[in-house]
file model39.txt (compact mmCIF, C-alpha atoms and all ligand atoms)
# COMPACT_ATOMS: atom_id res chain seq x y z
CA MET J 29 -55.15 -14.21 -55.40
CA TYR J 30 -54.43 -10.67 -54.42
CA ARG J 31 -53.25 -11.76 -51.01
CA SER J 32 -50.64 -14.04 -52.48
CA LEU J 33 -49.61 -11.28 -54.84
CA LYS J 34 -49.11 -9.07 -51.82
CA HIS J 35 -47.01 -11.76 -50.18
CA THR J 36 -44.85 -12.19 -53.25
CA LEU J 37 -44.40 -8.45 -53.44
CA MET J 38 -43.54 -8.30 -49.78
CA ALA J 39 -41.08 -11.16 -50.12
CA SER J 40 -39.37 -9.54 -53.06
CA LEU J 41 -39.30 -6.21 -51.24
CA LEU J 42 -37.68 -7.86 -48.25
CA GLY J 43 -35.33 -9.65 -50.60
CA ALA J 44 -34.46 -6.40 -52.30
CA SER J 45 -33.71 -4.55 -49.09
CA LEU J 46 -31.69 -7.49 -47.80
CA VAL J 47 -29.59 -7.46 -50.94
CA VAL J 48 -29.07 -3.72 -50.61
CA ALA J 49 -28.06 -4.08 -46.97
CA ILE J 50 -25.62 -6.85 -47.71
CA THR J 51 -24.10 -4.97 -50.62
CA ALA J 52 -23.59 -1.91 -48.53
CA SER J 53 -21.94 -3.64 -45.61
CA ALA J 54 -20.23 -6.74 -46.85
CA SER J 55 -20.10 -7.09 -50.58
CA GLU J 56 -16.38 -7.86 -50.53
CA LYS J 57 -16.90 -10.59 -48.03
CA TYR J 58 -19.85 -12.47 -49.53
CA ASN J 59 -19.95 -11.15 -53.05
CA VAL J 60 -23.74 -11.23 -53.08
CA GLY J 61 -26.00 -8.82 -54.94
CA LYS J 62 -25.21 -5.44 -56.40
CA THR J 63 -25.85 -1.85 -55.49
CA ALA J 64 -29.34 -0.80 -56.54
CA THR J 65 -29.22 1.78 -59.32
CA PRO J 66 -31.09 5.08 -58.93
CA GLU J 67 -33.53 3.80 -61.59
CA GLU J 68 -34.22 0.64 -59.61
CA ILE J 69 -34.80 2.61 -56.44
CA ALA J 70 -37.07 5.02 -58.30
CA GLY J 71 -39.15 2.01 -59.44
CA TRP J 72 -39.99 1.16 -55.85
CA ASP J 73 -40.04 4.66 -54.43
CA ILE J 74 -43.51 5.63 -55.63
CA ASP J 75 -45.33 6.54 -52.43
CA ILE J 76 -47.18 9.84 -52.24
CA ARG J 77 -47.53 11.80 -49.04
CA PRO J 78 -50.64 13.64 -47.89
CA ASP J 79 -48.85 16.95 -48.57
CA GLY J 80 -48.44 15.88 -52.21
CA LYS J 81 -44.74 15.03 -52.00
CA GLY J 82 -43.96 12.27 -54.48
CA LEU J 83 -46.59 13.27 -57.05
CA PRO J 84 -45.29 13.33 -60.61
CA ILE J 85 -45.71 16.64 -62.44
CA GLY J 86 -48.89 16.46 -64.46
CA GLN J 87 -52.64 16.78 -64.58
CA GLY J 88 -55.86 15.11 -65.63
CA SER J 89 -59.48 16.19 -65.98
CA VAL J 90 -62.71 14.69 -64.68
CA GLU J 91 -63.92 14.70 -68.27
CA ASP J 92 -61.07 12.52 -69.58
CA GLY J 93 -61.31 10.40 -66.44
CA GLU J 94 -64.92 9.52 -67.18
CA VAL J 95 -64.08 7.96 -70.55
CA LEU J 96 -61.22 5.92 -69.16
CA TYR J 97 -63.10 4.87 -66.03
CA GLU J 98 -65.98 3.52 -68.06
CA GLN J 99 -63.55 1.54 -70.21
CA ILE J 100 -61.39 -0.09 -67.59
CA CYS J 101 -62.88 0.37 -64.10
CA ALA J 102 -66.67 0.35 -64.33
CA ALA J 103 -66.93 -3.40 -65.04
CA CYS J 104 -65.97 -4.02 -61.42
CA HIS J 105 -66.65 -0.78 -59.59
CA GLY J 106 -69.89 0.18 -61.35
CA LEU J 107 -70.63 3.19 -63.57
CA PHE J 108 -71.27 5.40 -60.53
CA GLY J 109 -68.76 3.74 -58.20
CA GLU J 110 -71.58 1.71 -56.67
CA GLY J 111 -69.67 -1.58 -57.11
CA GLU J 112 -70.78 -4.46 -59.33
CA GLY J 113 -71.65 -7.65 -57.45
CA ARG J 114 -69.17 -8.06 -54.65
CA TRP J 115 -66.51 -5.70 -56.05
CA PRO J 116 -65.68 -2.72 -53.83
CA VAL J 117 -67.87 0.38 -53.72
CA LEU J 118 -65.91 3.57 -54.47
CA ALA J 119 -68.48 6.31 -53.89
CA GLY J 120 -71.24 7.28 -51.51
CA GLY J 121 -71.69 6.20 -47.91
CA LYS J 122 -71.26 9.69 -46.54
CA GLY J 123 -72.39 9.89 -42.91
CA THR J 124 -72.66 6.11 -42.46
CA LEU J 125 -69.45 5.57 -40.50
CA LYS J 126 -71.27 5.40 -37.18
CA ASP J 127 -73.94 3.01 -38.49
CA ALA J 128 -73.93 -0.64 -37.53
CA ARG J 129 -72.86 -1.42 -41.12
CA PRO J 130 -70.87 1.56 -42.34
CA THR J 131 -70.22 2.02 -46.06
CA LYS J 132 -66.55 2.84 -46.23
CA THR J 133 -65.63 4.48 -49.50
CA VAL J 134 -63.04 6.90 -50.80
CA GLY J 135 -65.46 9.74 -50.05
CA SER J 136 -66.84 8.58 -46.72
CA TYR J 137 -63.72 7.12 -45.18
CA TRP J 138 -60.38 8.01 -46.75
CA PRO J 139 -58.55 10.89 -45.02
CA TYR J 140 -56.37 12.07 -47.93
CA ALA J 141 -56.75 12.41 -51.69
CA SER J 142 -53.06 11.55 -52.09
CA THR J 143 -53.81 7.96 -51.10
CA LEU J 144 -56.25 7.69 -53.98
CA TYR J 145 -53.61 8.65 -56.54
CA ASP J 146 -51.10 6.34 -54.88
CA TYR J 147 -53.53 3.41 -54.70
CA ILE J 148 -54.82 3.63 -58.26
CA ARG J 149 -51.32 3.96 -59.70
CA ARG J 150 -49.98 1.12 -57.56
CA ALA J 151 -52.80 -1.41 -57.64
CA MET J 152 -55.45 -0.80 -60.29
CA PRO J 153 -56.89 -2.04 -62.55
CA PHE J 154 -56.93 -5.18 -60.45
CA THR J 155 -55.73 -7.40 -63.28
CA ALA J 156 -52.97 -5.04 -64.45
CA PRO J 157 -51.44 -3.08 -61.60
CA ARG J 158 -48.92 -0.37 -62.57
CA SER J 159 -50.09 -0.31 -66.15
CA LEU J 160 -51.49 3.24 -66.00
CA THR J 161 -49.56 6.34 -67.04
CA ASP J 162 -49.21 9.24 -64.60
CA GLU J 163 -51.66 11.26 -66.68
CA GLN J 164 -54.26 8.48 -66.72
CA THR J 165 -53.88 8.19 -62.95
CA TYR J 166 -54.60 11.93 -62.58
CA GLN J 167 -57.68 11.54 -64.78
CA LEU J 168 -59.02 8.54 -62.85
CA THR J 169 -58.28 10.10 -59.46
CA ALA J 170 -60.14 13.23 -60.55
CA TYR J 171 -63.08 11.12 -61.72
CA VAL J 172 -63.34 9.06 -58.52
CA LEU J 173 -63.27 12.34 -56.55
CA TYR J 174 -66.06 13.60 -58.82
CA LEU J 175 -68.10 10.43 -58.24
CA ASN J 176 -67.85 11.29 -54.55
CA GLU J 177 -69.03 14.85 -55.21
CA LEU J 178 -65.76 16.27 -53.94
CA VAL J 179 -64.95 18.18 -57.16
CA ASP J 180 -67.04 19.60 -60.02
CA ASP J 181 -67.39 18.11 -63.49
CA ASP J 182 -65.06 20.70 -65.05
CA PHE J 183 -62.33 20.11 -62.49
CA VAL J 184 -58.74 19.48 -63.57
CA LEU J 185 -56.58 17.73 -60.99
CA THR J 186 -52.88 18.67 -60.91
CA HIS J 187 -49.79 17.94 -58.83
CA GLU J 188 -50.31 21.36 -57.29
CA ASN J 189 -53.98 21.21 -56.24
CA LEU J 190 -54.26 17.56 -55.17
CA ALA J 191 -52.99 18.11 -51.61
CA GLN J 192 -55.46 20.98 -51.16
CA ILE J 193 -58.49 18.74 -51.55
CA GLU J 194 -60.10 18.23 -48.16
CA MET J 195 -61.59 14.80 -47.65
CA PRO J 196 -64.74 14.69 -45.48
CA ASN J 197 -63.32 12.19 -42.99
CA LYS J 198 -59.90 13.80 -42.60
CA ASP J 199 -60.43 14.38 -38.87
CA GLY J 200 -61.83 10.91 -38.27
CA PHE J 201 -58.42 9.30 -37.73
CA PHE J 202 -56.43 9.50 -34.50
CA ILE J 203 -53.54 7.73 -32.79
CA ASP J 204 -54.88 4.65 -31.02
CA PRO J 205 -55.01 5.64 -27.33
CA ARG J 206 -55.26 2.12 -25.89
CA PRO J 207 -52.22 1.39 -23.73
CA ASP J 208 -51.72 -2.15 -25.03
CA VAL J 209 -50.93 -0.96 -28.53
CA LYS J 210 -47.86 0.91 -27.32
CA ASN J 211 -45.29 -1.78 -27.73
CA ILE J 212 -42.17 -1.76 -25.58
CA ARG J 213 -39.27 -3.76 -26.90
CA CYS J 214 -38.61 -6.79 -24.71
CA MET J 215 -34.95 -7.38 -23.90
CA GLN J 216 -35.13 -10.14 -21.28
CA ALA J 217 -37.52 -12.81 -19.98
CA CYS J 218 -39.69 -12.29 -23.06
CA ASP J 219 -42.65 -14.39 -24.21
CA ASP J 220 -41.73 -17.52 -26.11
CA PRO J 221 -42.47 -16.77 -29.79
CA LYS J 222 -43.55 -20.39 -30.24
CA THR J 223 -46.59 -19.73 -28.08
CA MET J 224 -47.71 -16.73 -30.16
CA THR J 225 -50.08 -16.95 -33.09
CA ILE J 226 -51.03 -14.44 -35.72
CA GLU J 227 -54.70 -14.24 -36.70
CA GLY J 228 -54.86 -12.86 -40.21
CA THR J 229 -58.61 -13.05 -40.68
CA LEU J 230 -61.59 -12.49 -38.44
CA LYS J 231 -63.69 -15.61 -38.43
CA GLY J 232 -67.03 -15.08 -40.10
CA ILE J 233 -66.19 -11.50 -40.99
CA THR J 234 -63.25 -11.49 -43.40
CA PRO J 235 -64.41 -12.91 -46.75
CA VAL J 236 -61.49 -15.18 -47.54
CA GLY J 237 -62.86 -16.89 -50.63
CA HIS J 238 -61.53 -14.29 -53.07
CA PHE J 239 -58.03 -14.68 -51.83
CA ILE J 240 -57.37 -18.38 -51.79
CA GLU J 241 -55.25 -19.43 -54.72
CA GLY J 242 -57.16 -21.80 -56.95
CA ALA J 243 -60.44 -21.45 -55.07
CA ASP J 244 -63.20 -22.30 -57.55
CA ALA J 245 -65.69 -19.89 -56.15
CA PRO J 246 -65.77 -17.81 -53.04
CA ALA J 247 -67.80 -19.51 -50.36
CA ALA J 248 -70.29 -17.40 -48.49
CA SER J 249 -68.68 -18.00 -45.12
CA HIS J 250 -65.35 -18.69 -43.57
CA GLU J 251 -66.48 -22.18 -42.57
CA GLY J 252 -67.81 -22.84 -46.06
CA GLN J 253 -64.49 -21.84 -47.55
CA GLN J 254 -62.58 -24.02 -45.14
CA ASP J 255 -64.77 -26.99 -46.04
CA LEU J 256 -64.09 -26.39 -49.71
CA GLU J 257 -60.38 -26.17 -49.15
CA ARG J 258 -60.41 -29.27 -46.96
CA GLU J 259 -62.12 -31.27 -49.70
CA LYS J 260 -59.56 -30.12 -52.19
CA ALA J 261 -56.68 -30.96 -49.89
CA GLN J 262 -58.10 -34.47 -49.48
CA ALA J 263 -58.37 -34.87 -53.22
CA ARG J 264 -54.77 -33.76 -53.63
CA GLN J 265 -53.63 -36.14 -50.92
CA ALA J 266 -55.49 -39.00 -52.55
CA ALA J 267 -53.94 -38.15 -55.90
CA LEU J 268 -50.47 -38.18 -54.36
CA SER J 269 -50.99 -41.60 -52.85
CA GLY J 270 -52.05 -42.92 -56.23
CA GLU J 271 -55.76 -43.31 -55.69
CA GLU J 272 -58.14 -42.63 -58.53
CA VAL J 273 -59.69 -39.23 -58.15
CA GLN J 274 -61.76 -37.72 -60.88
CA SER J 275 -62.69 -34.12 -60.61
CA GLU J 276 -65.50 -32.86 -62.78
CA GLN J 277 -63.07 -31.29 -65.17
CA ASP J 278 -60.84 -34.34 -65.56
CA ALA J 279 -63.88 -36.47 -66.34
CA VAL J 280 -64.26 -34.86 -69.73
CA SER J 281 -61.09 -35.27 -71.67
CA VAL J 282 -60.50 -32.32 -73.94
CA SER J 283 -57.90 -32.19 -76.65
CA PHE J 284 -56.85 -28.70 -77.49
CA SER J 285 -55.65 -27.15 -80.72
CA ASP J 286 -52.20 -25.54 -80.67
CA LYS J 287 -53.79 -22.11 -80.72
CA ALA J 288 -55.89 -22.90 -77.66
CA LEU J 289 -52.92 -24.36 -75.80
CA ALA J 290 -50.98 -21.17 -76.49
CA GLY J 291 -53.83 -19.20 -74.93
CA LYS J 292 -53.99 -21.08 -71.64
CA GLU J 293 -51.43 -18.90 -69.91
CA THR J 294 -53.08 -15.66 -71.03
CA PHE J 295 -56.37 -17.03 -69.76
CA GLU J 296 -54.86 -17.88 -66.38
CA ASN J 297 -53.28 -14.45 -66.01
CA ALA J 298 -55.84 -12.13 -67.51
CA CYS J 299 -59.25 -13.76 -67.91
CA LYS J 300 -59.59 -16.27 -65.08
CA VAL J 301 -60.25 -13.55 -62.53
CA CYS J 302 -63.75 -13.26 -64.04
CA HIS J 303 -64.24 -16.28 -66.30
CA GLY J 304 -62.75 -18.75 -63.81
CA SER J 305 -65.78 -18.56 -61.57
CA GLY J 306 -68.22 -16.68 -63.78
CA ILE J 307 -68.33 -13.50 -61.73
CA ALA J 308 -69.66 -10.16 -62.92
CA GLY J 309 -71.94 -11.96 -65.40
CA SER J 310 -69.14 -13.57 -67.39
CA PRO J 311 -69.60 -17.03 -68.93
CA LYS J 312 -67.64 -19.48 -66.78
CA LEU J 313 -64.88 -21.59 -68.31
CA GLY J 314 -66.20 -25.08 -69.02
CA ASP J 315 -69.85 -24.07 -68.63
CA HIS J 316 -71.22 -25.56 -71.82
CA GLU J 317 -74.66 -23.95 -71.52
CA ALA J 318 -73.30 -20.46 -71.02
CA TRP J 319 -70.97 -20.79 -73.98
CA ALA J 320 -73.15 -22.65 -76.47
CA PRO J 321 -75.10 -19.62 -77.78
CA ARG J 322 -71.92 -17.55 -77.87
CA VAL J 323 -69.94 -20.18 -79.77
CA LYS J 324 -72.67 -20.13 -82.45
CA GLN J 325 -71.47 -16.66 -83.36
CA ASP J 326 -68.58 -16.48 -85.76
CA MET J 327 -65.21 -16.88 -84.04
CA SER J 328 -64.25 -13.44 -85.35
CA VAL J 329 -67.19 -11.92 -83.47
CA LEU J 330 -66.11 -13.55 -80.21
CA VAL J 331 -62.52 -12.46 -80.69
CA GLY J 332 -63.65 -8.95 -81.64
CA HIS J 333 -65.72 -8.73 -78.47
CA ALA J 334 -62.79 -9.92 -76.39
CA ILE J 335 -60.38 -7.42 -77.97
CA ASN J 336 -62.62 -4.38 -78.14
CA GLY J 337 -64.87 -5.13 -75.21
CA PHE J 338 -68.63 -5.31 -75.31
CA ALA J 339 -71.67 -4.78 -73.16
CA GLY J 340 -73.99 -7.78 -73.28
CA THR J 341 -77.13 -8.75 -71.44
CA PHE J 342 -75.21 -10.19 -68.50
CA GLY J 343 -72.51 -7.63 -67.90
CA ILE J 344 -69.60 -5.78 -69.37
CA MET J 345 -66.64 -7.48 -70.96
CA PRO J 346 -63.86 -4.85 -70.73
CA PRO J 347 -61.52 -4.53 -73.75
CA LYS J 348 -58.95 -7.36 -73.44
CA GLY J 349 -60.33 -7.99 -69.94
CA GLY J 350 -58.71 -4.73 -68.84
CA ARG J 351 -55.28 -5.93 -69.97
CA VAL J 352 -54.59 -3.52 -72.80
CA ASP J 353 -50.96 -4.61 -72.73
CA LEU J 354 -51.94 -7.94 -74.31
CA SER J 355 -51.51 -8.33 -78.07
CA ASP J 356 -54.57 -9.08 -80.21
CA GLN J 357 -53.05 -12.49 -80.94
CA GLN J 358 -52.74 -13.36 -77.26
CA VAL J 359 -56.38 -12.47 -76.70
CA GLU J 360 -57.42 -14.51 -79.72
CA GLU J 361 -55.52 -17.53 -78.38
CA ALA J 362 -57.17 -17.13 -74.98
CA VAL J 363 -60.60 -17.06 -76.64
CA ASN J 364 -59.74 -20.30 -78.44
CA TYR J 365 -58.76 -21.84 -75.14
CA MET J 366 -62.01 -20.72 -73.53
CA VAL J 367 -64.17 -21.91 -76.39
CA GLU J 368 -62.49 -25.32 -76.67
CA SER J 369 -62.68 -25.80 -72.90
CA SER J 370 -66.39 -25.16 -72.95
CA LYS J 371 -67.59 -27.26 -75.88
C1 LIG J 401 -61.32 -6.88 -62.11
C2 LIG J 401 -61.98 -6.00 -61.19
C3 LIG J 401 -61.42 -4.60 -60.96
C4 LIG J 401 -61.15 -3.63 -61.90
C5 LIG J 401 -61.31 -3.72 -63.42
C6 LIG J 401 -60.72 -2.46 -61.16
N1 LIG J 401 -60.72 -2.72 -59.82
FE1 LIG J 401 -60.36 -1.37 -58.34
N2 LIG J 401 -60.55 -2.84 -56.94
C7 LIG J 401 -60.82 -4.17 -57.22
C8 LIG J 401 -60.67 -4.94 -55.99
C9 LIG J 401 -60.84 -6.44 -55.82
C10 LIG J 401 -60.29 -4.03 -54.98
C11 LIG J 401 -59.97 -4.32 -53.53
C12 LIG J 401 -58.54 -4.83 -53.44
C13 LIG J 401 -58.12 -5.11 -52.00
O1 LIG J 401 -58.76 -4.64 -51.07
O2 LIG J 401 -57.11 -5.80 -51.85
C14 LIG J 401 -60.27 -2.73 -55.61
C15 LIG J 401 -60.01 -1.55 -54.93
C16 LIG J 401 -60.04 -0.29 -55.50
C17 LIG J 401 -59.95 0.95 -54.76
C18 LIG J 401 -59.89 1.07 -53.25
C19 LIG J 401 -61.28 0.98 -52.65
C20 LIG J 401 -61.28 1.06 -51.15
O3 LIG J 401 -62.07 1.83 -50.59
O4 LIG J 401 -60.48 0.35 -50.50
C21 LIG J 401 -59.96 1.96 -55.67
C22 LIG J 401 -59.89 3.45 -55.39
C23 LIG J 401 -60.04 1.35 -56.99
N3 LIG J 401 -60.10 -0.02 -56.84
C24 LIG J 401 -60.05 2.05 -58.18
C25 LIG J 401 -60.05 1.43 -59.43
C26 LIG J 401 -59.87 2.14 -60.67
C27 LIG J 401 -59.67 3.65 -60.80
C28 LIG J 401 -59.92 1.21 -61.67
C29 LIG J 401 -59.72 1.42 -63.17
C30 LIG J 401 -58.38 1.80 -63.53
C31 LIG J 401 -60.16 -0.08 -61.05
N4 LIG J 401 -60.21 0.09 -59.70
C32 LIG J 401 -60.35 -1.27 -61.75
C33 LIG J 401 -61.22 -4.68 -58.44
C34 LIG J 401 -61.12 -4.02 -59.65
C1 LIG J 402 -63.79 -7.97 -65.38
C2 LIG J 402 -64.31 -9.25 -65.76
C3 LIG J 402 -63.82 -9.88 -67.08
C4 LIG J 402 -62.52 -10.17 -67.45
C5 LIG J 402 -61.24 -9.90 -66.67
C6 LIG J 402 -62.61 -10.82 -68.74
N1 LIG J 402 -63.92 -10.90 -69.13
FE1 LIG J 402 -64.61 -11.75 -70.88
N2 LIG J 402 -66.52 -11.31 -70.32
C7 LIG J 402 -66.90 -10.68 -69.16
C8 LIG J 402 -68.35 -10.58 -69.12
C9 LIG J 402 -69.16 -9.94 -67.99
C10 LIG J 402 -68.83 -11.18 -70.31
C11 LIG J 402 -70.27 -11.38 -70.72
C12 LIG J 402 -70.93 -10.14 -71.24
C13 LIG J 402 -72.35 -10.42 -71.62
O1 LIG J 402 -72.58 -11.27 -72.48
O2 LIG J 402 -73.24 -9.78 -71.02
C14 LIG J 402 -67.66 -11.63 -71.03
C15 LIG J 402 -67.71 -12.27 -72.26
C16 LIG J 402 -66.62 -12.75 -72.96
C17 LIG J 402 -66.67 -13.44 -74.23
C18 LIG J 402 -67.94 -13.79 -75.00
C19 LIG J 402 -68.22 -12.74 -76.03
C20 LIG J 402 -69.53 -12.94 -76.72
O3 LIG J 402 -69.66 -12.39 -77.84
O4 LIG J 402 -70.42 -13.62 -76.22
C21 LIG J 402 -65.39 -13.73 -74.59
C22 LIG J 402 -64.96 -14.45 -75.85
C23 LIG J 402 -64.54 -13.21 -73.56
N3 LIG J 402 -65.30 -12.62 -72.59
C24 LIG J 402 -63.17 -13.31 -73.58
C25 LIG J 402 -62.33 -12.84 -72.57
C26 LIG J 402 -60.90 -12.95 -72.61
C27 LIG J 402 -60.10 -13.58 -73.73
C28 LIG J 402 -60.43 -12.39 -71.46
C29 LIG J 402 -58.99 -12.25 -71.01
C30 LIG J 402 -58.07 -11.64 -71.95
C31 LIG J 402 -61.58 -11.92 -70.69
N4 LIG J 402 -62.71 -12.21 -71.40
C32 LIG J 402 -61.52 -11.29 -69.45
C33 LIG J 402 -66.07 -10.23 -68.15
C34 LIG J 402 -64.69 -10.34 -68.14

call {"tool": "encode", "arguments": {"input": "model39.txt", "output": "structure tokens"}}
result
Amino acid sequence: MYRSLKHTLMASLLGASLVVAITASASEKYNVGKTATPEEIAGWDIDIRPDGKGLPIGQGSVEDGEVLYEQICAACHGLFGEGEGRWPVLAGGKGTLKDARPTKTVGSYWPYASTLYDYIRRAMPFTAPRSLTDEQTYQLTAYVLYLNELVDDDFVLTHENLAQIEMPNKDGFFIDPRPDVKNIRCMQACDDPKTMTIEGTLKGITPVGHFIEGADAPAASHEGQQDLEREKAQARQAALSGEEVQSEQDAVSVSFSDKALAGKETFENACKVCHGSGIAGSPKLGDHEAWAPRVKQDMSVLVGHAINGFAGTFGIMPPKGGRVDLSDQQVEEAVNYMVESSK
């Protein structure tokens, strides 16, 4: 899912710069696009350099970061940054980079603290990127640094001291010395682009399951994932050519209330990331057994748990699934959708 998000972002970025280029050079001729306003440019121009350039003025403490982290990050990354299930580990791993299986974390691997601020602000929480304020980002950055034992518990991170933080692996990066990575632009008798391929994943190494749109559950291996996708493609093909195909879900016909129907979209956007496949201990959509004991509770209890979050015996349900921008009503509708899908 994240991959395709990246692609969409990339495409719109390219689109945006194309529009800007056209406007600058030939707007009279083609009448396409408009000049980007300073506000629009500022919206994209959010990168932060290792020397701290680009940081907004502000600050945040480890102490405040702890509260926020536990609310909206720990469900995936673990209370101590150890990573829940297959979610990424954020802390530890110091001195493992030369091991056969290195643990690459912010503390063991990243060269600059600025990247941490940039990354959290840009991409986290996973389900709601760019939803954090600058101050919250300072708090969370401070706390992740603390989890890596790079700052003390009374530390306050500011736009002035961030660039001074020395990351343990700062000298571990160098310009690739291999000659074949120094590309020389070809001007004549060049390779035919049709004969070139791009390998985006390393077979057997890159876990691709997370990233395939609509994948039910990540397969353990590349081959496994490809088999899954092949089966689905066949089912789609069969459906197109009019053959009867019944997937497990179609077999049970469910009629939804209006409230539940209204919640489908919220579910897709904000809840499916966990409840779609039942990761992190969440009850999977449509899994009657997992839902039956929960549905026995009053609906208001379920909705309350979804809105305010709760820690159960299986895992942590973050408030509104980490999407604090959702209204209580939207969350309630999504719960109705989940419950009615799982009866
Ligand atoms: C729903 C699960 C989820 C939640 C909640 C979440 N993250 Fe993440 N986080 C991820 C995933 C998945 C990645 C890896 C994304 C990728 O590589 O494309 C990631 C990556 C990261 C990384 C980079 C790790 C590395 O070494 O590459 C940091 C730092 C991070 N998250 C911090 C946070 C913080 C801070 C929060 C709370 C505001 C948060 N995350 C909430 C799932 C989550
Ligand atoms: C980061 C993963 C994650 C996301 C995202 C998420 N949930 Fe959950 N949810 C959980 C987990 C884990 C549980 C089970 C906790 C337990 O019982 O131990 C849960 C449980 C629930 C329950 C059952 C509560 C109960 O009392 O048994 C409801 C209802 C629920 N979630 C609704 C939602 C809704 C609505 C959304 C989207 C707005 C959502 N969840 C998004 C992880 C998530």

call {"tool": "closest_residue", "arguments": {"input": "model39.txt", "among": "J:Ala267, J:Val359, J:Ala191, J:Ala298", "to": "ligand LIG 401 (chain J)", "atoms": "all atoms listed in the file"}}
result
J:Ala298

call {"tool": "residues_around", "arguments": {"input": "model39.txt", "residues": "Ser89 (chain J)", "least_positions_apart": "6", "cutoff": "6 Å", "atoms": "all atoms listed in the file", "output": "list in words"}}
result
Gln167, Phe183, Val184 and Leu185 of chain J

call {"tool": "atom_distance", "arguments": {"input": "model39.txt", "atom1": "atom C16 of ligand LIG 401 (chain J)", "atom2": "CA of Ala70 (chain J)"}}
result
23.7 Å

call {"tool": "closest_residue", "arguments": {"input": "model39.txt", "among": "J:Glu98, J:Glu257, J:Asp79, J:Asp181", "to": "ligand LIG 401 (chain J)", "atoms": "all atoms listed in the file"}}
result
J:Glu98

call {"tool": "atom_distance", "arguments": {"input": "model39.txt", "atom1": "CA of Ala156 (chain J)", "atom2": "CA of Gly350 (chain J)"}}
result
7.2 Å

call {"tool": "closest_atom_pairs", "arguments": {"input": "model39.txt", "of": "chain J", "to": "ligand LIG 402 (chain J)", "cutoff": "7 Å", "atoms": "only C-alpha atoms and all ligand atoms", "output": "CSV"}}
result
residue,atom,partner,partner_atom,distance
J:Ala103,CA,J:LIG402,C1,5.6
J:Cys104,CA,J:LIG402,C1,6.0
J:Thr155,CA,J:LIG402,C5,6.9
J:Thr294,CA,J:LIG402,C30,6.5
J:Phe295,CA,J:LIG402,C29,5.6
J:Ala298,CA,J:LIG402,C29,4.7
J:Cys299,CA,J:LIG402,C29,3.5
J:Lys300,CA,J:LIG402,C5,6.8
J:Val301,CA,J:LIG402,C5,5.6
J:Cys302,CA,J:LIG402,C2,4.4
J:His303,CA,J:LIG402,N1,6.1
J:Ala308,CA,J:LIG402,C9,5.1
J:Gly309,CA,J:LIG402,C9,4.3
J:Ser310,CA,J:LIG402,C8,3.5
J:Pro311,CA,J:LIG402,C11,6.0
J:Arg322,CA,J:LIG402,O4,4.5
J:Val329,CA,J:LIG402,O3,6.2
J:Leu330,CA,J:LIG402,O3,4.4
J:Val331,CA,J:LIG402,C22,5.8
J:His333,CA,J:LIG402,C19,5.3
J:Ala334,CA,J:LIG402,C24,4.4
J:Phe338,CA,J:LIG402,C12,6.7
J:Ala339,CA,J:LIG402,O2,5.7
J:Gly340,CA,J:LIG402,O2,3.1
J:Thr341,CA,J:LIG402,O2,4.0
J:Phe342,CA,J:LIG402,O2,3.2
J:Gly343,CA,J:LIG402,O2,3.9
J:Ile344,CA,J:LIG402,C9,4.4
J:Met345,CA,J:LIG402,C7,3.7
J:Pro346,CA,J:LIG402,C34,6.1
J:Lys348,CA,J:LIG402,C30,4.6
J:Gly349,CA,J:LIG402,C32,3.5
J:Gly350,CA,J:LIG402,C5,6.2
J:Arg351,CA,J:LIG402,C30,6.7
J:Val359,CA,J:LIG402,C27,4.9
J:Glu360,CA,J:LIG402,C27,6.6
J:Ala362,CA,J:LIG402,C27,4.8
J:Val363,CA,J:LIG402,C27,4.6

call {"tool": "closest_residue", "arguments": {"input": "model39.txt", "among": "J:Gly314, J:Gly306, J:Gly135, J:Gly291", "to": "ligand LIG 401 (chain J)", "atoms": "only C-alpha atoms and all ligand atoms"}}
result
J:Gly135

call {"tool": "closest_atom_pairs", "arguments": {"input": "model39.txt", "of": "chain J", "to": "ligand LIG 401 (chain J)", "cutoff": "7 Å", "atoms": "only C-alpha atoms and all ligand atoms", "output": "CSV"}}
result
residue,atom,partner,partner_atom,distance
J:Tyr30,CA,J:LIG401,O2,6.1
J:Tyr97,CA,J:LIG401,C29,5.6
J:Ile100,CA,J:LIG401,C29,5.0
J:Cys101,CA,J:LIG401,C29,3.5
J:Ala102,CA,J:LIG401,C5,6.8
J:Ala103,CA,J:LIG401,C5,5.9
J:Cys104,CA,J:LIG401,C2,4.5
J:His105,CA,J:LIG401,N1,6.2
J:Trp115,CA,J:LIG401,C9,5.7
J:Pro116,CA,J:LIG401,C10,5.7
J:Val117,CA,J:LIG401,C19,6.7
J:Leu118,CA,J:LIG401,C19,5.6
J:Lys132,CA,J:LIG401,O3,6.3
J:Thr133,CA,J:LIG401,O3,4.6
J:Val134,CA,J:LIG401,O3,5.2
J:Leu144,CA,J:LIG401,C22,5.8
J:Tyr147,CA,J:LIG401,C22,6.4
J:Ile148,CA,J:LIG401,C24,5.5
J:Met152,CA,J:LIG401,C31,4.8
J:Pro153,CA,J:LIG401,C32,3.6
J:Phe154,CA,J:LIG401,C34,4.4
J:Thr155,CA,J:LIG401,C1,5.7
J:Leu168,CA,J:LIG401,C27,5.3
J:Thr169,CA,J:LIG401,C27,6.7
J:Val172,CA,J:LIG401,C27,6.9
J:Val301,CA,J:LIG401,C1,6.8
J:Gly350,CA,J:LIG401,C5,6.1
